[in-house]
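Text of structure24.cif (mmCIF, C-alpha atoms) as supplied:
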```
data_input
#
loop_
_atom_site.label_atom_id
_atom_site.label_comp_id
_atom_site.auth_asym_id
_atom_site.auth_seq_id
_atom_site.Cartn_x
_atom_site.Cartn_y
_atom_site.Cartn_z
CA MET A 1 -24.40 14.34 23.34
CA THR A 2 -22.79 12.53 26.29
CA ASP A 3 -25.21 9.62 25.92
CA TYR A 4 -24.26 9.28 22.26
CA GLN A 5 -20.55 9.32 23.13
CA GLN A 6 -21.10 6.41 25.50
CA LEU A 7 -23.20 4.51 22.96
CA LEU A 8 -20.91 5.05 19.99
CA PHE A 9 -17.55 4.42 21.65
CA PRO A 10 -17.70 0.56 21.58
CA TYR A 11 -18.48 0.52 17.85
CA ALA A 12 -15.44 2.68 17.07
CA TYR A 13 -13.10 1.04 19.58
CA ASN A 14 -13.94 -2.53 18.54
CA ILE A 15 -13.00 -1.66 14.97
CA LEU A 16 -9.96 0.51 15.67
CA GLY A 17 -8.43 -1.16 18.72
CA THR A 18 -7.29 2.17 20.17
CA ALA A 19 -9.38 4.19 22.59
CA GLU A 20 -7.97 7.57 21.59
CA ASP A 21 -8.70 7.01 17.89
CA ALA A 22 -12.16 5.76 18.83
CA LYS A 23 -12.87 8.90 20.83
CA ASP A 24 -11.63 11.04 17.94
CA ALA A 25 -13.92 9.21 15.48
CA VAL A 26 -16.94 9.61 17.75
CA GLN A 27 -16.18 13.29 18.36
CA GLU A 28 -15.74 13.97 14.65
CA VAL A 29 -19.07 12.35 13.79
CA LEU A 30 -20.95 14.14 16.57
CA SER A 31 -19.39 17.53 15.81
CA ARG A 32 -20.20 17.21 12.14
CA TYR A 33 -23.74 16.07 12.87
CA PHE A 34 -24.67 18.69 15.43
CA THR A 35 -23.16 21.62 13.54
CA THR A 36 -24.94 20.96 10.26
CA SER A 37 -28.54 20.63 9.15
CA HIS A 38 -29.91 17.10 9.37
CA ASP A 39 -33.62 17.47 8.74
CA ASP A 40 -33.54 14.53 6.33
CA VAL A 41 -32.37 12.07 9.03
CA ALA A 42 -35.29 9.87 10.07
CA ASP A 43 -33.48 7.82 12.73
CA GLU A 44 -30.79 9.84 14.48
CA LYS A 45 -29.34 6.98 16.56
CA ASN A 46 -28.90 4.59 13.63
CA TYR A 47 -27.53 7.38 11.46
CA LEU A 48 -24.84 8.18 14.02
CA ILE A 49 -23.97 4.51 14.52
CA ARG A 50 -23.62 4.04 10.78
CA SER A 51 -21.50 7.19 10.50
CA VAL A 52 -19.15 6.14 13.31
CA ILE A 53 -18.69 2.62 11.93
CA ASN A 54 -17.85 3.85 8.45
CA LEU A 55 -15.51 6.55 9.76
CA ALA A 56 -13.77 3.98 11.97
CA ILE A 57 -13.27 1.72 8.93
CA ASN A 58 -11.75 4.67 7.06
CA TYR A 59 -9.48 5.46 10.02
CA LYS A 60 -8.32 1.83 10.20
CA ASN A 61 -7.61 1.66 6.46
CA ARG A 62 -5.75 4.98 6.61
CA ASN A 63 -3.65 3.90 9.60
CA LYS A 64 -2.65 0.65 7.90
CA ARG A 65 -1.63 2.54 4.75
CA MET A 66 0.41 5.12 6.67
CA THR A 67 2.11 2.78 9.16
CA PRO A 68 2.47 -0.95 8.51
CA GLN A 69 1.34 -2.77 11.64
CA PRO A 70 4.08 -4.84 13.32
CA ALA A 71 3.44 -8.39 14.54
CA GLU A 72 3.68 -7.28 18.16
CA TRP A 73 0.95 -4.62 17.85
CA LEU A 74 -1.61 -4.95 20.66
CA PRO A 75 -4.92 -3.16 21.22
CA GLU A 76 -5.03 -0.32 23.72
CA PRO A 77 -6.22 -1.79 27.04
CA VAL A 78 -9.49 -0.44 28.42
CA ALA A 79 -10.52 -0.97 32.04
CA THR A 80 -13.89 -2.68 32.46
CA ASP A 81 -14.04 -2.93 36.26
CA ASP A 82 -14.98 -0.48 39.04
CA ASN A 83 -12.08 1.81 38.13
CA ALA A 84 -13.22 2.11 34.52
CA ASP A 85 -14.01 5.40 32.82
CA LYS A 86 -17.64 6.00 33.76
CA ASN A 87 -18.11 8.16 30.66
CA LEU A 88 -17.73 5.14 28.36
CA TYR A 89 -20.33 2.49 27.60
CA LEU A 90 -18.22 -0.59 28.27
CA LYS A 91 -20.70 -3.47 28.16
CA ASP A 92 -20.24 -4.01 24.43
CA ILE A 93 -16.45 -3.79 24.36
CA LEU A 94 -14.98 -7.07 23.15
CA SER A 95 -12.66 -9.27 25.19
CA TYR A 96 -8.97 -8.51 24.87
CA SER A 97 -8.17 -11.92 23.38
CA LEU A 98 -10.73 -11.41 20.64
CA MET A 99 -9.46 -7.89 19.97
CA VAL A 100 -5.99 -9.34 19.45
CA LEU A 101 -7.30 -11.98 17.06
CA MET A 102 -9.31 -9.46 15.06
CA GLU A 103 -6.14 -7.79 13.85
CA ARG A 104 -6.08 -10.68 11.34
CA LEU A 105 -9.18 -9.22 9.68
CA SER A 106 -9.62 -6.44 7.18
CA PRO A 107 -11.52 -3.42 8.59
CA ILE A 108 -14.72 -4.33 6.74
CA GLU A 109 -14.53 -8.00 7.85
CA ARG A 110 -14.03 -6.72 11.35
CA ALA A 111 -17.07 -4.44 11.11
CA VAL A 112 -19.32 -7.22 9.80
CA PHE A 113 -18.17 -9.61 12.53
CA ILE A 114 -18.72 -7.04 15.27
CA LEU A 115 -22.16 -6.01 14.05
CA LYS A 116 -23.37 -9.60 13.67
CA GLU A 117 -21.77 -11.29 16.66
CA SER A 118 -21.61 -8.46 19.21
CA PHE A 119 -24.58 -6.26 18.35
CA ASP A 120 -26.85 -8.91 16.83
CA TYR A 121 -27.47 -7.08 13.56
CA SER A 122 -29.15 -8.99 10.76
CA HIS A 123 -27.36 -9.25 7.42
CA GLN A 124 -29.97 -6.91 5.98
CA GLU A 125 -29.15 -4.31 8.64
CA ILE A 126 -25.41 -4.79 8.06
CA SER A 127 -25.87 -4.32 4.33
CA GLU A 128 -27.62 -1.00 5.01
CA VAL A 129 -24.96 0.20 7.46
CA LEU A 130 -21.99 -0.69 5.25
CA SER A 131 -23.65 -0.17 1.85
CA ILE A 132 -22.95 -3.74 0.73
CA THR A 133 -25.20 -6.59 -0.36
CA GLU A 134 -26.57 -9.15 2.10
CA GLU A 135 -24.76 -11.89 0.19
CA TYR A 136 -21.45 -10.08 0.56
CA SER A 137 -22.16 -9.53 4.26
CA ARG A 138 -22.59 -13.29 4.74
CA LYS A 139 -19.41 -13.98 2.79
CA LEU A 140 -17.42 -11.50 4.89
CA LEU A 141 -18.74 -13.01 8.13
CA SER A 142 -17.81 -16.53 7.01
CA ARG A 143 -14.34 -15.35 6.00
CA ALA A 144 -13.88 -13.55 9.32
CA LYS A 145 -14.83 -16.62 11.36
CA THR A 146 -12.47 -18.80 9.34
CA ARG A 147 -9.59 -16.42 10.03
CA LEU A 148 -10.44 -16.01 13.71
CA PHE A 149 -11.24 -19.50 14.92
CA LYS A 150 -9.61 -22.87 14.39
CA PRO A 151 -12.04 -25.72 13.56
CA GLY A 152 -13.20 -27.42 16.73
CA ALA A 153 -11.84 -24.68 19.01
CA GLU A 154 -13.12 -25.03 22.55
CA VAL A 155 -15.18 -22.24 24.07
CA LYS A 156 -14.53 -21.28 27.66
CA SER A 157 -17.51 -21.81 29.92
CA LYS A 158 -18.47 -19.19 32.49
CA ASP A 159 -17.56 -21.59 35.32
CA VAL A 160 -14.04 -22.04 33.95
CA MET A 161 -13.58 -18.29 33.53
CA ASP A 162 -14.79 -17.67 37.08
CA ASN A 163 -12.27 -20.22 38.39
CA THR A 164 -9.27 -18.45 36.86
CA SER A 165 -9.04 -16.11 39.87
CA GLN A 166 -6.94 -18.65 41.77
CA LEU A 167 -4.54 -19.01 38.84
CA VAL A 168 -4.21 -15.23 38.64
CA SER A 169 -3.48 -15.09 42.38
CA ASP A 170 -0.85 -17.84 42.04
CA TYR A 171 0.71 -16.04 39.07
CA VAL A 172 0.97 -12.78 41.02
CA ASN A 173 2.50 -14.53 44.02
CA ALA A 174 5.04 -16.30 41.81
CA ILE A 175 6.12 -12.96 40.33
CA ARG A 176 6.34 -11.27 43.73
CA GLN A 177 8.40 -14.16 45.12
CA ARG A 178 10.40 -14.49 41.90
CA ASP A 179 9.47 -18.15 41.91
CA LEU A 180 10.20 -18.96 38.28
CA SER A 181 9.62 -22.68 38.75
CA ARG A 182 6.08 -22.05 39.97
CA LEU A 183 5.54 -19.57 37.16
CA GLU A 184 6.59 -22.12 34.58
CA GLU A 185 4.05 -24.62 35.92
CA MET A 186 1.26 -22.23 34.96
CA LEU A 187 2.25 -21.86 31.30
CA SER A 188 0.87 -24.04 28.53
CA ALA A 189 3.31 -25.79 26.22
CA GLU A 190 2.20 -23.56 23.30
CA VAL A 191 2.11 -20.30 25.28
CA THR A 192 2.73 -17.01 23.44
CA LEU A 193 4.11 -13.77 24.87
CA ILE A 194 3.58 -10.54 22.93
CA THR A 195 5.14 -7.27 24.11
CA ASP A 196 4.11 -4.00 22.48
CA GLY A 197 6.48 -1.14 23.22
CA GLY A 198 5.16 0.99 20.39
CA GLY A 199 8.70 1.57 19.17
CA LYS A 200 9.25 3.81 22.21
CA ILE A 201 10.27 1.28 24.84
CA LYS A 202 13.08 -1.23 24.41
CA VAL A 203 11.77 -4.72 25.17
CA VAL A 204 13.48 -8.06 25.85
CA ALA A 205 11.53 -9.76 23.04
CA LYS A 206 8.59 -8.62 20.94
CA VAL A 207 7.03 -12.02 20.23
CA SER A 208 7.98 -15.25 22.00
CA THR A 209 6.36 -18.64 21.47
CA GLY A 210 6.57 -21.96 23.24
CA PHE A 211 7.04 -22.79 26.90
CA GLU A 212 10.85 -22.63 27.00
CA GLU A 213 11.23 -19.35 25.14
CA VAL A 214 8.40 -17.60 27.01
CA SER A 215 9.54 -18.76 30.44
CA ASN A 216 13.07 -17.52 29.69
CA VAL A 217 11.82 -14.09 28.61
CA LEU A 218 9.47 -13.77 31.58
CA GLY A 219 12.32 -14.69 33.89
CA ILE A 220 14.54 -11.92 32.47
CA VAL A 221 11.71 -9.35 32.61
CA ILE A 222 10.85 -10.19 36.22
CA GLU A 223 14.47 -10.16 37.38
CA ARG A 224 15.40 -6.92 35.59
CA TYR A 225 12.23 -4.86 35.59
CA LEU A 226 9.14 -6.15 37.36
CA GLY A 227 10.42 -8.09 40.36
CA LYS A 228 10.07 -5.08 42.68
CA ALA A 229 7.07 -3.50 40.99
CA GLU A 230 3.78 -2.93 42.77
CA ILE A 231 1.22 -5.28 41.17
CA ILE A 232 -2.48 -4.48 40.96
CA VAL A 233 -4.99 -7.05 39.65
CA ARG A 234 -7.58 -5.46 37.36
CA TRP A 235 -10.12 -6.39 34.70
CA ILE A 236 -9.14 -5.16 31.26
CA ASN A 237 -11.50 -5.73 28.32
CA HIS A 238 -13.40 -8.21 30.54
CA GLN A 239 -10.26 -10.28 31.23
CA PRO A 240 -8.00 -10.54 34.29
CA ALA A 241 -4.90 -8.41 33.98
CA LEU A 242 -1.97 -7.16 36.02
CA LEU A 243 -0.89 -3.54 36.24
CA PHE A 244 2.77 -3.10 37.19
CA TYR A 245 3.73 0.17 38.87
CA VAL A 246 7.39 1.12 39.02
CA LYS A 247 8.12 4.08 41.33
CA GLY A 248 4.45 5.04 41.20
CA ARG A 249 4.25 5.03 37.40
CA LEU A 250 2.21 2.55 35.39
CA ALA A 251 4.87 0.73 33.39
CA THR A 252 3.12 -2.39 32.13
CA CYS A 253 -0.37 -3.76 31.57
CA GLN A 254 -0.30 -7.53 31.24
CA VAL A 255 -3.54 -9.14 30.03
CA LEU A 256 -3.76 -12.91 30.52
CA GLU A 257 -5.53 -15.49 28.37
CA PHE A 258 -6.30 -18.94 29.75
CA SER A 259 -6.79 -22.37 28.25
CA ALA A 260 -10.34 -23.61 27.68
CA ASP A 261 -10.22 -25.64 30.90
CA GLY A 262 -8.82 -22.71 32.88
CA THR A 263 -5.72 -24.55 34.10
CA ARG A 264 -2.94 -22.92 32.06
CA ILE A 265 -1.96 -19.53 30.67
CA VAL A 266 -1.92 -19.70 26.86
CA GLN A 267 -1.09 -16.08 26.05
CA VAL A 268 0.44 -13.12 27.85
CA ASN A 269 -0.28 -9.75 26.23
CA ASN A 270 2.21 -7.22 27.53
CA VAL A 271 1.46 -3.54 26.79
CA VAL A 272 4.35 -1.22 27.67
CA ASP A 273 3.74 1.45 25.03
CA PRO A 274 3.28 4.60 27.19
CA ASP A 275 0.76 6.08 24.74
CA LYS A 276 -1.48 3.02 25.12
CA LEU A 277 -1.24 3.23 28.92
CA LYS A 278 -2.20 6.91 29.20
CA MET A 279 -5.96 6.50 29.52
CA LEU A 280 -5.62 3.51 31.85
CA ALA A 281 -3.24 5.42 34.13
CA ALA A 282 -5.39 8.55 34.09
CA ASN A 283 -8.51 6.67 35.22
CA ASP A 284 -6.80 4.35 37.69
CA THR A 285 -7.29 5.03 41.38
CA ASN A 286 -4.60 2.43 42.21
#
```
Go through the file and emit its structure as structure tokens.
Amino acid sequence: MTDYQQLLFPYAYNILGTAEDAKDAVQEVLSRYFTTSHDDVADEKNYLIRSVINLAINYKNRNKRMTPQPAEWLPEPVATDDNADKNLYLKDILSYSLMVLMERLSPIERAVFILKESFDYSHQEISEVLSITEEYSRKLLSRAKTRLFKPGAEVKSKDVMDNTSQLVSDYVNAIRQRDLSRLEEMLSAEVTLITDGGGKIKVVAKVSTGFEEVSNVLGIVIERYLGKAEIIVRWINHQPALLFYVKGRLATCQVLEFSADGTRIVQVNNVVDPDKLKMLAANDTN
């Protein structure tokens, strides 16, 4: 069963955006499957994948009905480096930036996009998994791509992504030294800062856009809250991120997104919701 938990987790998490809900969906499917008769199942692996995907879609639809999602909602960060949860199959987890963008999609658009682009399913296979026609699968994929990507958007090359380590180091040093002028030099003109406190933590600003606004908010946050924090550089959802520890407690996970040429920070995703930091803190060796 452990192998199936590892296999199924990315499917559920990529759709739901929260690790705890993903684990619950996987556990529900496995418990139901292994406590009932399933002699009619020809392909156990595909059956379980299909079950988890459809349950995750139902969870996502239910959550959106019960609690309208605010603009500052961010996915739960999942470690994908050496300190990651070894009980999870992390290779197929999507990048954090893409997870943020996918909140624009409906759950079924999200599922089609994930299956086609991440797991290389054919439209015929998607139609079987989601009980839709191949034509509708193609239409949903096209709609998802239109909502996710601007025409002519640049794709980051591996070389550029590898070269961001120096920018991350400079960013950390600027925060530690409270060098706001240096920090401002690293931000793009159209930078966005999103801070998700989950309604539990009071934040300076939930969503800030543009160089001036973002630099002002970052300055206040660093001076009031993070200037004396211990900073650990980690990889979260395959992207560089900073973990801020205040008096030994994980207070903030800040996931950075860079411009296509790797020279500027275009988005700062700030997770301070304690519920979304639980798993990260529990598995962190600091």
Inset, instruction - Taking the file as shown, find all residues satisfying the PyMOL selection byres ((chain A and resi 46-55) around 8) and write them as an MDAnalysis selection string. - result: chainID A and resid 8 11:12 15 25:26 29:30 41 43:45 56:59 111 129:130
Inset, instruction - With the file shown as input, list the residues that the PyMOL selection byres ((chain A and resi 241-247) around 9) selects, as an MDAnalysis selection string. - result: chainID A and resid 168 172 225:226 228:236 239:240 248:256
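We find atom CA of Leu148 of chain A and atom CA of Gly17 of chain A to be spaced 15.8 Å apart.
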Inset, instruction - Give me the result of the PyMOL selection byres ((chain A and resi 102) around 12) on this file, residue by residue, as a ChimeraX atom specification. - result: /A:14-17,73-75,94-101,103-114,143-149
Legend entry - Among the residues A:Glu125, A:Glu213, A:Asp273, A:Asp120, the one that comes closest to Glu76 of chain A [using all atoms listed in the file]: A:Asp273
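The shell of residues at most 10 Å from Phe258 of chain A, with only C-alpha atoms counted and near chain neighbours (fewer than 2 positions) removed, consists of Ser97, Lys156, Val160, Met161, Thr164, Leu167, Val168, Met186, Leu187, Ser188, Val191, Gln239, Pro240, Leu256, Ala260, Asp261, Gly262, Thr263, Arg264, Ile265, Val266, Gln267 and Val268 of chain A.
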Inset, instruction - Would you work out the distance separating atom CA of Phe34 of chain A from atom CA of Tyr13 of chain A, expressed in Å to one decimal? - result: 21.5 Å
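What separates atom CA of Asp275 of chain A from atom CA of Pro68 of chain A is a distance of 17.8 Å.
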Inset, instruction - Tell me which of A:Ser181, A:Asn63, A:Thr80, A:Ser31 sits closest to Pro10 of chain A, counting only C-alpha atoms. - result: A:Thr80
Inset, instruction - Using all atoms listed in the file, find the one residue out of A:His238, A:Lys23, A:Arg138, A:Lys202 that sits nearest to Lys91 of chain A. - result: A:His238
Legend entry - Residue nearest Ile175 of chain A - candidates A:Leu193, A:Ile220, A:Val272, A:Ile201, atoms counted: only C-alpha atoms: A:Ile220
